[in-house]
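The next block is start_15.cif, given as mmCIF, C-alpha atoms.
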```cif
data_entry
#
loop_
_atom_site.label_atom_id
_atom_site.label_comp_id
_atom_site.auth_asym_id
_atom_site.auth_seq_id
_atom_site.Cartn_x
_atom_site.Cartn_y
_atom_site.Cartn_z
CA MET I 1 -34.69 54.06 -36.96
CA ILE I 2 -31.41 52.68 -38.31
CA ALA I 3 -31.60 54.47 -41.69
CA PRO I 4 -31.58 58.05 -40.29
CA VAL I 5 -28.74 57.12 -37.93
CA LEU I 6 -26.76 55.67 -40.84
CA ALA I 7 -27.47 58.77 -42.95
CA VAL I 8 -26.23 61.07 -40.19
CA LEU I 9 -23.17 58.85 -39.71
CA CYS I 10 -22.37 58.94 -43.46
CA ILE I 11 -22.69 62.72 -43.58
CA ALA I 12 -20.46 63.03 -40.53
CA LEU I 13 -17.91 60.72 -42.18
CA GLY I 14 -18.14 62.82 -45.35
CA TYR I 15 -17.35 65.99 -43.43
CA GLY I 16 -14.51 64.17 -41.67
CA ALA I 17 -13.07 63.05 -45.04
CA THR I 18 -13.38 66.59 -46.42
CA ALA I 19 -11.51 67.91 -43.37
CA VAL I 20 -8.75 65.32 -43.77
CA PHE I 21 -8.28 65.28 -47.59
CA GLY I 22 -9.47 68.78 -48.48
CA THR I 23 -12.41 69.98 -50.59
CA ALA I 24 -10.55 69.32 -53.87
CA MET I 25 -10.36 65.61 -53.14
CA VAL I 26 -13.57 65.13 -51.17
CA PRO I 27 -16.19 67.83 -51.72
CA PRO I 28 -18.40 68.49 -48.68
CA PRO I 29 -21.55 66.35 -48.46
CA PRO I 30 -23.99 69.15 -49.43
CA GLU I 31 -22.10 69.67 -52.71
CA ILE I 32 -22.14 65.93 -53.51
CA LEU I 33 -25.82 65.61 -52.60
CA GLY I 34 -26.61 68.72 -54.62
CA ARG I 35 -24.87 67.27 -57.64
CA LEU I 36 -26.67 63.95 -57.12
CA LEU I 37 -29.99 65.80 -57.04
CA ALA I 38 -29.06 67.70 -60.22
CA LEU I 39 -28.19 64.42 -61.97
CA VAL I 40 -31.49 62.92 -60.87
CA LEU I 41 -33.54 65.94 -61.94
CA GLY I 42 -31.60 66.26 -65.20
CA GLY I 43 -32.48 62.69 -66.07
CA GLU I 44 -28.84 61.56 -66.39
CA ILE I 45 -29.10 58.98 -63.64
CA ALA I 46 -32.24 57.45 -65.09
CA ALA I 47 -30.78 57.38 -68.62
CA GLU I 48 -27.34 56.04 -67.72
CA GLY I 49 -28.72 53.72 -65.04
CA LEU I 50 -31.21 52.18 -67.44
CA ARG I 51 -28.49 51.84 -70.04
CA THR I 52 -26.21 49.96 -67.64
CA LEU I 53 -29.03 47.83 -66.28
CA GLY I 54 -30.22 47.09 -69.82
CA ARG I 55 -26.76 45.91 -70.81
CA GLY I 56 -26.52 43.76 -67.70
CA LEU I 57 -29.95 42.32 -68.43
CA ALA I 58 -29.12 41.65 -72.09
CA GLY I 59 -25.91 39.89 -71.09
CA VAL I 60 -27.66 37.76 -68.48
CA ALA I 61 -30.47 36.94 -70.90
CA ALA I 62 -27.97 35.76 -73.53
CA ALA I 63 -26.08 33.75 -70.90
CA ASN I 64 -29.34 32.18 -69.74
CA LEU I 65 -30.34 31.23 -73.25
CA VAL I 66 -27.01 29.56 -74.00
CA GLY I 67 -26.49 28.23 -70.45
CA ILE I 68 -29.90 26.58 -70.21
CA VAL I 69 -29.67 24.97 -73.66
CA LEU I 70 -26.09 23.77 -73.10
CA GLY I 71 -26.84 22.69 -69.51
CA LEU I 72 -29.86 20.65 -70.59
CA ALA I 73 -27.95 19.09 -73.46
CA ALA I 74 -24.97 18.24 -71.28
CA GLY I 75 -27.25 16.94 -68.53
CA ALA I 76 -29.04 14.64 -70.93
CA TRP I 77 -26.03 13.54 -72.93
CA ALA I 78 -22.94 12.44 -70.99
CA PRO I 79 -20.39 13.05 -73.81
CA ALA I 80 -21.53 16.69 -74.00
CA ALA I 81 -21.10 17.00 -70.22
CA ARG I 82 -17.58 15.59 -70.51
CA VAL I 83 -16.71 18.27 -73.06
CA PHE I 84 -18.52 21.29 -71.67
CA ARG I 85 -18.21 20.78 -67.92
CA PRO I 86 -14.41 21.17 -67.61
CA LEU I 87 -14.43 23.92 -70.24
CA LEU I 88 -17.10 25.98 -68.51
CA ALA I 89 -15.58 25.26 -65.08
CA ALA I 90 -12.29 26.70 -66.36
CA LEU I 91 -14.08 29.73 -67.81
CA ASN I 92 -15.89 30.14 -64.49
CA ALA I 93 -12.53 30.72 -62.85
CA CYS I 94 -11.74 33.63 -65.22
CA PRO I 95 -12.14 37.10 -63.67
CA PRO I 96 -14.52 39.39 -65.62
CA VAL I 97 -11.65 41.71 -66.56
CA VAL I 98 -10.41 39.00 -68.96
CA TRP I 99 -13.73 39.07 -70.80
CA ILE I 100 -13.79 42.86 -70.80
CA ALA I 101 -10.29 43.01 -72.32
CA LEU I 102 -11.16 40.37 -74.93
CA ALA I 103 -14.45 42.10 -75.77
CA MET I 104 -12.62 45.39 -76.28
CA VAL I 105 -10.25 43.63 -78.68
CA TRP I 106 -12.95 41.69 -80.52
CA ILE I 107 -15.84 44.15 -80.50
CA GLY I 108 -14.19 47.47 -79.79
CA SER I 109 -15.42 50.08 -77.34
CA GLY I 110 -19.17 50.68 -77.18
CA GLY I 111 -22.34 49.05 -75.93
CA GLY I 112 -21.43 45.56 -77.15
CA THR I 113 -18.47 45.22 -74.82
CA PRO I 114 -20.44 45.31 -71.53
CA VAL I 115 -23.10 42.96 -72.93
CA PHE I 116 -20.49 40.45 -74.07
CA ALA I 117 -18.53 40.73 -70.81
CA VAL I 118 -21.67 40.12 -68.73
CA ALA I 119 -22.74 37.19 -70.92
CA ALA I 120 -19.29 35.61 -70.79
CA ALA I 121 -18.92 36.12 -67.03
CA THR I 122 -22.39 34.78 -66.14
CA LEU I 123 -22.63 31.91 -68.62
CA PRO I 124 -20.39 29.42 -66.74
CA PRO I 125 -22.23 29.53 -63.38
CA LEU I 126 -25.61 29.35 -65.13
CA PHE I 127 -24.52 26.38 -67.26
CA LEU I 128 -23.03 24.54 -64.27
CA ALA I 129 -26.18 25.16 -62.19
CA VAL I 130 -28.50 23.82 -64.91
CA LEU I 131 -26.21 20.80 -65.40
CA GLU I 132 -26.27 20.07 -61.66
CA GLY I 133 -30.04 20.49 -61.68
CA VAL I 134 -30.48 17.99 -64.51
CA HIS I 135 -28.18 15.54 -62.74
CA ALA I 136 -30.32 15.93 -59.61
CA VAL I 137 -33.34 14.35 -61.36
CA ASP I 138 -34.40 11.31 -59.35
CA PRO I 139 -33.23 8.25 -61.35
CA ARG I 140 -36.36 6.35 -60.29
CA LEU I 141 -38.57 9.05 -61.79
CA ALA I 142 -36.43 9.04 -64.94
CA ALA I 143 -36.82 5.25 -65.14
CA MET I 144 -40.58 5.51 -64.64
CA SER I 145 -40.75 8.15 -67.39
CA ARG I 146 -38.83 5.91 -69.81
CA LEU I 147 -41.00 2.92 -68.98
CA TYR I 148 -44.26 4.78 -69.58
CA GLY I 149 -42.85 6.36 -72.75
CA VAL I 150 -43.36 9.92 -71.51
CA PRO I 151 -42.45 12.26 -74.42
CA THR I 152 -39.15 14.10 -74.06
CA THR I 153 -40.81 17.54 -74.10
CA THR I 154 -43.15 16.47 -71.27
CA GLN I 155 -40.21 15.08 -69.30
CA LEU I 156 -38.35 18.37 -69.77
CA ARG I 157 -41.36 20.43 -68.69
CA ARG I 158 -42.73 18.30 -65.87
CA LEU I 159 -39.72 16.41 -64.49
CA VAL I 160 -36.44 18.11 -65.39
CA ALA I 161 -37.58 21.73 -65.07
CA PRO I 162 -39.06 21.41 -61.54
CA THR I 163 -35.93 19.58 -60.37
CA ALA I 164 -33.45 21.97 -61.97
CA LEU I 165 -35.38 25.14 -61.11
CA PRO I 166 -33.95 25.67 -57.58
CA PHE I 167 -30.40 25.22 -58.93
CA TRP I 168 -31.03 27.70 -61.75
CA ARG I 169 -32.79 30.15 -59.45
CA ALA I 170 -29.80 30.32 -57.07
CA ALA I 171 -27.39 30.82 -59.98
CA PHE I 172 -29.67 33.41 -61.58
CA ALA I 173 -29.85 35.49 -58.38
CA HIS I 174 -26.08 35.34 -58.05
CA THR I 175 -25.40 36.23 -61.69
CA ALA I 176 -28.09 38.93 -61.88
CA ALA I 177 -26.54 40.64 -58.84
CA ALA I 178 -23.09 40.44 -60.42
CA ALA I 179 -24.18 41.31 -63.97
CA TRP I 180 -24.72 45.03 -63.62
CA LYS I 181 -21.46 45.39 -61.66
CA VAL I 182 -19.58 43.68 -64.49
CA ALA I 183 -21.47 45.90 -66.95
CA ALA I 184 -20.41 49.02 -65.02
CA VAL I 185 -16.74 47.96 -64.97
CA ALA I 186 -16.88 47.14 -68.70
CA GLU I 187 -18.39 50.57 -69.37
CA PHE I 188 -15.66 52.19 -67.27
CA LEU I 189 -12.99 50.51 -69.36
CA GLY I 190 -14.54 50.28 -72.80
CA SER I 191 -17.68 52.32 -73.35
CA SER I 192 -18.65 55.95 -73.83
CA ASP I 193 -21.92 55.80 -71.90
CA GLY I 194 -23.59 54.10 -68.96
CA ILE I 195 -22.88 54.51 -65.24
CA GLY I 196 -19.38 53.04 -65.56
CA ALA I 197 -18.47 55.50 -68.33
CA SER I 198 -19.95 58.38 -66.30
CA ILE I 199 -17.66 57.46 -63.41
CA TYR I 200 -14.74 57.26 -65.82
CA TRP I 201 -15.39 60.72 -67.27
CA ALA I 202 -15.91 62.27 -63.83
CA TYR I 203 -12.58 60.76 -62.77
CA ARG I 204 -10.78 61.88 -65.97
CA ARG I 205 -12.10 65.45 -65.66
CA LEU I 206 -11.50 65.49 -61.91
CA GLU I 207 -15.13 66.44 -61.34
CA MET I 208 -15.06 65.10 -57.82
CA ALA I 209 -18.65 65.95 -56.87
CA ASP I 210 -19.81 64.07 -59.98
CA LEU I 211 -17.53 61.14 -59.17
CA TYR I 212 -18.96 60.78 -55.65
CA ALA I 213 -22.51 61.32 -56.90
CA TRP I 214 -22.14 58.50 -59.45
CA ALA I 215 -20.43 56.32 -56.84
CA LEU I 216 -23.38 56.90 -54.51
CA THR I 217 -25.75 56.11 -57.37
CA ILE I 218 -24.06 52.80 -58.14
CA MET I 219 -24.03 51.89 -54.45
CA LEU I 220 -27.74 52.66 -53.98
CA LEU I 221 -28.61 50.81 -57.19
CA GLY I 222 -26.67 47.79 -55.94
CA VAL I 223 -28.52 47.82 -52.65
CA ALA I 224 -31.87 48.12 -54.46
CA ILE I 225 -31.06 45.27 -56.88
CA ASP I 226 -29.80 42.99 -54.09
CA ALA I 227 -32.93 43.72 -52.03
CA GLY I 228 -35.16 43.09 -55.06
CA LEU I 229 -33.44 39.80 -55.83
CA ALA I 230 -33.57 38.72 -52.20
CA ARG I 231 -37.29 39.48 -52.13
CA ALA I 232 -37.92 37.66 -55.39
CA GLY I 233 -35.81 34.75 -54.14
CA GLY I 234 -37.80 34.59 -50.93
CA ARG I 235 -41.06 34.52 -52.88
CA GLY I 236 -39.68 31.84 -55.21
CA ALA I 237 -38.50 29.68 -52.33
CA ALA I 238 -41.88 30.08 -50.60
CA ARG I 239 -43.57 28.76 -53.73
CA MET B 1 -46.10 -14.64 -75.80
CA ILE B 2 -45.74 -11.00 -74.78
CA LEU B 3 -42.89 -11.28 -72.31
CA GLU B 4 -40.10 -13.82 -72.22
CA LEU B 5 -36.94 -13.96 -70.15
CA GLN B 6 -34.34 -16.32 -71.54
CA ALA B 7 -31.46 -17.50 -69.32
CA VAL B 8 -31.35 -14.12 -67.59
CA GLY B 9 -28.52 -13.59 -65.12
CA LYS B 10 -27.59 -10.66 -62.92
CA SER B 11 -24.88 -10.15 -60.30
CA TYR B 12 -24.20 -7.33 -57.89
CA SER B 13 -20.65 -6.90 -56.57
CA GLY B 14 -19.76 -10.36 -57.86
CA ARG B 15 -22.67 -11.97 -56.03
CA PRO B 16 -25.14 -13.67 -58.39
CA ILE B 17 -28.71 -12.53 -57.73
CA LEU B 18 -30.34 -14.13 -60.77
CA ASP B 19 -28.89 -17.10 -62.56
CA GLY B 20 -30.34 -18.54 -65.74
CA ILE B 21 -33.88 -17.30 -65.22
CA ASP B 22 -36.39 -18.50 -67.81
CA LEU B 23 -39.88 -17.07 -67.63
CA ARG B 24 -42.61 -16.74 -70.22
CA LEU B 25 -45.85 -14.79 -69.97
CA ASN B 26 -48.72 -15.01 -72.43
CA PRO B 27 -51.76 -12.71 -72.59
CA GLY B 28 -54.02 -13.50 -69.63
CA ASP B 29 -51.21 -15.05 -67.56
CA CYS B 30 -50.73 -14.04 -63.96
CA VAL B 31 -47.59 -15.03 -62.07
CA ARG B 32 -46.96 -14.37 -58.40
CA LEU B 33 -43.32 -13.92 -57.43
CA VAL B 34 -43.17 -14.61 -53.73
CA GLY B 35 -40.49 -14.54 -51.08
CA PRO B 36 -38.79 -12.36 -48.49
CA SER B 37 -36.79 -9.22 -49.30
CA GLY B 38 -33.36 -9.60 -50.86
CA LEU B 39 -34.12 -12.50 -53.19
CA GLY B 40 -33.90 -10.39 -56.35
CA LYS B 41 -37.63 -9.99 -56.99
CA SER B 42 -37.38 -6.27 -57.77
CA THR B 43 -34.29 -6.86 -59.91
CA LEU B 44 -36.17 -9.47 -61.91
CA LEU B 45 -39.10 -7.10 -62.44
CA GLU B 46 -36.79 -4.26 -63.49
CA ILE B 47 -35.00 -6.52 -65.96
CA ALA B 48 -38.37 -7.66 -67.31
CA ALA B 49 -39.38 -4.00 -67.70
CA GLY B 50 -36.15 -3.15 -69.50
CA LEU B 51 -35.03 -0.71 -66.83
CA THR B 52 -32.02 -2.80 -65.75
CA PRO B 53 -29.92 -4.64 -68.32
CA PRO B 54 -29.23 -8.30 -67.53
CA ASP B 55 -25.61 -9.49 -67.33
CA ALA B 56 -26.59 -12.62 -69.24
CA GLY B 57 -29.52 -13.83 -71.29
CA ARG B 58 -32.13 -11.71 -72.99
CA VAL B 59 -35.64 -10.32 -72.58
CA ILE B 60 -38.21 -10.32 -75.35
CA ARG B 61 -41.19 -7.96 -75.04
CA SER B 62 -43.90 -7.66 -77.64
CA GLY B 63 -46.30 -5.31 -75.93
CA THR B 64 -46.49 -2.18 -73.83
CA VAL B 65 -45.34 -2.47 -70.23
CA ALA B 66 -46.54 -0.67 -67.10
CA MET B 67 -44.97 -1.08 -63.70
CA THR B 68 -45.30 -0.10 -60.10
CA PHE B 69 -42.15 0.59 -58.14
CA GLN B 70 -41.25 -0.28 -54.57
CA ASP B 71 -40.81 3.43 -53.80
CA ASP B 72 -43.85 4.34 -55.95
CA ALA B 73 -41.81 6.77 -58.13
CA LEU B 74 -44.35 9.60 -58.01
CA LEU B 75 -43.67 13.20 -59.00
CA PRO B 76 -43.63 14.91 -55.58
CA TRP B 77 -44.74 18.29 -56.95
CA ALA B 78 -47.65 16.91 -58.99
CA SER B 79 -51.14 16.10 -57.77
CA ALA B 80 -52.61 12.60 -58.04
CA ALA B 81 -54.31 13.49 -61.33
CA ASP B 82 -51.20 15.20 -62.68
CA ASN B 83 -49.06 12.16 -61.84
CA LEU B 84 -51.33 10.05 -64.02
CA LEU B 85 -51.52 12.68 -66.76
CA TYR B 86 -47.72 12.81 -66.81
CA ALA B 87 -47.21 9.06 -67.10
CA LEU B 88 -49.94 8.71 -69.71
CA ALA B 89 -48.88 11.72 -71.79
CA ALA B 90 -48.05 9.45 -74.72
CA ARG B 91 -51.38 7.58 -74.44
CA PRO B 92 -54.17 10.12 -74.96
CA SER B 93 -56.91 7.47 -75.06
CA ALA B 94 -55.86 6.21 -71.60
CA CYS B 95 -55.96 9.77 -70.23
CA THR B 96 -59.73 9.92 -70.65
CA ARG B 97 -60.13 7.20 -68.00
CA ILE B 98 -57.94 8.89 -65.37
CA PRO B 99 -60.94 10.15 -63.32
CA ASP B 100 -62.36 6.61 -63.29
CA TRP B 101 -59.10 5.10 -62.01
CA LEU B 102 -58.72 7.78 -59.35
CA ALA B 103 -62.27 7.08 -58.24
CA HIS B 104 -61.62 3.32 -58.33
CA PHE B 105 -58.69 3.73 -55.92
CA GLU B 106 -60.51 6.45 -53.93
CA LEU B 107 -57.84 9.08 -54.54
CA PRO B 108 -58.66 12.82 -54.42
CA PRO B 109 -57.34 14.20 -57.76
CA GLY B 110 -55.78 17.31 -56.23
CA LEU B 111 -53.81 15.65 -53.44
CA LEU B 112 -50.00 15.79 -53.56
CA PRO B 113 -47.99 12.64 -52.75
CA ALA B 114 -46.60 14.33 -49.62
CA GLU B 115 -50.17 14.75 -48.38
CA MET B 116 -50.93 11.04 -48.83
CA SER B 117 -50.42 8.05 -46.57
CA GLY B 118 -48.15 5.21 -47.70
CA GLY B 119 -51.22 3.22 -48.71
CA MET B 120 -52.61 6.08 -50.81
CA ARG B 121 -49.28 6.50 -52.59
CA ARG B 122 -49.23 2.78 -53.37
CA ARG B 123 -52.80 3.02 -54.68
CA LEU B 124 -51.80 5.99 -56.86
CA SER B 125 -48.87 4.01 -58.22
CA LEU B 126 -51.26 1.12 -58.97
CA ALA B 127 -53.80 3.47 -60.56
CA ARG B 128 -51.06 4.72 -62.87
CA ALA B 129 -50.09 1.19 -63.90
CA PHE B 130 -53.67 0.01 -64.51
CA ALA B 131 -54.63 3.25 -66.28
CA ALA B 132 -51.83 2.70 -68.80
CA GLU B 133 -53.83 -0.21 -70.27
CA ALA B 134 -50.55 -1.99 -70.96
CA ALA B 135 -50.19 -5.52 -72.30
CA VAL B 136 -47.82 -6.42 -69.44
CA LEU B 137 -48.23 -5.31 -65.83
CA LEU B 138 -45.20 -5.65 -63.59
CA LEU B 139 -46.23 -4.91 -60.02
CA ASP B 140 -43.57 -4.64 -57.35
CA GLU B 141 -45.16 -5.32 -53.95
CA PRO B 142 -48.65 -4.11 -54.96
CA PHE B 143 -50.13 -5.08 -51.57
CA ALA B 144 -47.53 -3.34 -49.39
CA PHE B 145 -48.87 -0.58 -47.09
CA LEU B 146 -52.47 -1.62 -47.85
CA ASP B 147 -55.00 -2.82 -45.30
CA ALA B 148 -56.92 -6.07 -45.80
CA GLY B 149 -59.81 -4.35 -47.56
CA TRP B 150 -57.58 -2.65 -50.09
CA ARG B 151 -55.46 -5.78 -50.59
CA ALA B 152 -58.62 -7.65 -51.59
CA ARG B 153 -59.67 -4.83 -53.89
CA VAL B 154 -56.27 -4.69 -55.59
CA ALA B 155 -56.42 -8.48 -56.04
CA GLU B 156 -59.80 -8.05 -57.75
CA THR B 157 -58.39 -5.33 -59.99
CA ILE B 158 -55.53 -7.63 -60.98
CA ASP B 159 -58.13 -10.32 -61.72
CA ASP B 160 -60.01 -7.90 -63.99
CA ALA B 161 -56.81 -6.95 -65.84
CA VAL B 162 -55.91 -10.61 -66.39
CA THR B 163 -59.44 -11.36 -67.56
CA GLY B 164 -59.06 -8.45 -69.96
CA GLY B 165 -56.01 -10.11 -71.50
CA ALA B 166 -53.13 -8.43 -69.68
CA ALA B 167 -50.16 -10.49 -68.52
CA VAL B 168 -49.35 -9.78 -64.88
CA LEU B 169 -46.18 -10.52 -62.94
CA PHE B 170 -46.25 -9.30 -59.38
CA SER B 171 -43.94 -9.66 -56.41
CA THR B 172 -45.09 -10.04 -52.83
CA HIS B 173 -43.74 -11.19 -49.52
CA GLN B 174 -47.27 -11.81 -48.27
CA SER B 175 -49.05 -15.09 -48.89
CA GLU B 176 -52.60 -13.80 -48.48
CA GLU B 177 -54.74 -11.96 -51.03
CA THR B 178 -53.67 -13.84 -54.09
CA PRO B 179 -55.77 -12.83 -57.08
CA ARG B 180 -58.05 -15.66 -58.20
CA ALA B 181 -56.71 -15.39 -61.74
CA CYS B 182 -53.21 -16.04 -60.48
CA ARG B 183 -52.60 -19.75 -60.85
CA ARG B 184 -48.84 -19.79 -60.77
CA SER B 185 -46.57 -18.90 -57.87
CA ILE B 186 -42.81 -18.86 -58.15
CA SER B 187 -39.91 -17.89 -55.94
CA ILE B 188 -36.19 -17.42 -56.38
CA GLU B 189 -33.70 -19.74 -54.70
CA ASN B 190 -29.98 -19.34 -55.27
CA GLY B 191 -30.79 -17.09 -58.20
CA ARG B 192 -33.02 -19.65 -59.90
CA ILE B 193 -36.78 -19.82 -60.24
CA VAL B 194 -38.54 -22.49 -58.22
CA ALA B 195 -42.24 -23.32 -58.17
CA VAL B 196 -44.05 -22.60 -54.90
#
```

File written out as structure tokens:
Amino acid sequence: MIAPVLAVLCIALGYGATAVFGTAMVPPPPEILGRLLALVLGGEIAAEGLRTLGRGLAGVAAANLVGIVLGLAAGAWAPAARVFRPLLAALNACPPVVWIALAMVWIGSGGGTPVFAVAAATLPPLFLAVLEGVHAVDPRLAAMSRLYGVPTTTQLRRLVAPTALPFWRAAFAHTAAAAWKVAAVAEFLGSSDGIGASIYWAYRRLEMADLYAWALTIMLLGVAIDAGLARAGGRGAAR
Amino acid sequence: MILELQAVGKSYSGRPILDGIDLRLNPGDCVRLVGPSGLGKSTLLEIAAGLTPPDAGRVIRSGTVAMTFQDDALLPWASAADNLLYALAARPSACTRIPDWLAHFELPPGLLPAEMSGGMRRRLSLARAFAAEAAVLLLDEPFAFLDAGWRARVAETIDDAVTGGAAVLFSTHQSEETPRACRRSISIENGRIVAV
């Protein structure tokens, strides 16, 4: 019941904005929706959307790989924690635009920039979460494991992983939700394709219907990803 | 000799808990460490196990050690069988007897610690220690949370382990159900061992 009401409200707001700012600035809703439909049917949304999501996913995967290894190492070895924790905490405070700018300098414009920016932006929270998870291991269980000579790989699999999993899961949901947004911004600033670049070109060419259609696309994608993550998180927590 | 504590001392917040403790266990020895809570019994066992470093003295171990803990130290997400499999991961030959030990302590293999009573968790902790087939068994309050029937059965199991050549040091604040093989009782007074 709420969705149709919201849709009607959005269309009414669109017409209101068109009336206030003029059709050059805000095309009427039917024109925007028509363009959106054309982009869907033409396959552009699927192609560019998958490209952006793929870059976000690649960045998060790389951050997970490095973050989990570093987090486990720092959790198990105090000197490593003393080195990496403050470093990654400082990097965690960096806004993604810093990484995007650096990636553009180091890698140049193209597909590598969004992947690097996502990896750099999501690595610190993932590392810190894994480190906290390792530190949350019950010291009595760790002592028991040492006493019985439980092999390190078994301890990692059966003791550390189940303890650290909730910490990692929360960080993963947070970073996965942020990853594709960072990827889109990086594409806007430093790539020739992807949803971010499509928004950039629509803006540069003043193709306002395209601009709003892509904006709608990114908004709907965000809602879908957040809902998917929330659902997956709910299932994970239930387990 | 498979376990020897030489002039072991330990303080917490400047307060001496153990002071010049000498204790020697040979294969087939069984020592009961008796007394109320707060004497340092658990600290002594943890030092003997190598889990807590002593402030003074030294500990010599020449065999494998298994231990039960006051809080049982069980993996909460693992079943009874998985808890034993985890602890015995480095001892494949001991793993083959896990079903026997679970049956001995009447523990359903698939039950999680959260689904067990305090007595069942203690029995699982004991099953893990006995299943390890260690040369030294350090048992912290093995009779706690157990009814009279189970206390007698655990005492018999300790007897069997001692007969089999294991050295056993166990703490208890109860005077009943002493294993028959246990011929030596000690306590701690002012940080020092006294015969009981």

When the cut-off is 9 Å and we count all atoms listed in the file, which residues of chain I are near chain B, given as an NGL selection string?
:I and (138 or 140-151 or 154-155 or 158-159 or 162)

Name the residues that the PyMOL selection byres ((chain I and resi 14) around 12) pulls out of this structure, and write them as a list in words.
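Listing what the PyMOL selection byres ((chain I and resi 14) around 12) selects in the shown file: Ala7, Val8, Leu9, Cys10, Ile11, Ala12, Leu13, Tyr15, Gly16, Ala17, Thr18, Ala19, Val20, Phe21, Gly22, Thr23, Met25, Val26, Pro27, Pro28, Pro29, Pro30, Glu31, Ile32, Leu33, Ala209 and Tyr212 of chain I.
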
With the file shown as input, list the residues that the PyMOL selection byres ((chain I and resi 172) around 9) selects, as a list in words.
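Output from the PyMOL selection byres ((chain I and resi 172) around 9), applied to this file: Val60, Asn64, Thr122, Pro125, Leu126, Ala129, Phe167, Trp168, Arg169, Ala170, Ala171, Ala173, His174, Thr175, Ala176 and Ala177 of chain I.
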
The residue from I:Ala119, I:Met219, I:Ala81, I:Leu165 with the smallest atom-to-atom distance to Ala61 (chain I), counting all atoms listed in the file, is I:Ala119

Within 9 Å of Arg55 (chain I), counting only C-alpha atoms, which residues qualify if same-chain residues fewer than 5 places away don't, as a ChimeraX atom specification?
/I:50,60,111-112,114-116,118,179-180,183,194

Using the chain letters and residue numbers of this document, give as a PyMOL selection string the residues selected by the PyMOL selection byres ((chain I and resi 186) around 10).
chain I and resi 52+96-97+99-101+103-104+109-118+180-185+187-191+194+196-197

Give me, please, the distance in Å between CA of Cys95 (chain B) and CA of Thr43 (chain B), quoted to one decimal.
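Taking CA of Cys95 (chain B) as the start and CA of Thr43 (chain B) as the end point, the length is 29.2 Å.
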
Could you tell me how far CA of Val59 (chain B) lies from CA of Gln6 (chain B), in Å and to one decimal?
6.2 Å

Which residues, protein or nucleic acid, reach to within 8 Å of (-23.7, 60.0, -57.2) in the file's coordinates when using all atoms listed in the file, and can you give that as a list in words?
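Those residues lying close to the given coordinates are Ile32, Leu33, Arg35, Leu36, Leu39, Ala209, Asp210, Leu211, Tyr212, Ala213, Trp214, Ala215, Leu216, Thr217 and Ile218 of chain I.
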
Take CA of Gly118 (chain B) and CA of Val162 (chain B) and report the distance between them in Å, one decimal.
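Distance between the two atoms: 25.7 Å.
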
Which is closer to Val136 (chain B) than all the others in B:Thr96, B:Ser42, B:Asn26, B:Ser187, using all atoms listed in the file?
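Closest candidate: B:Asn26.
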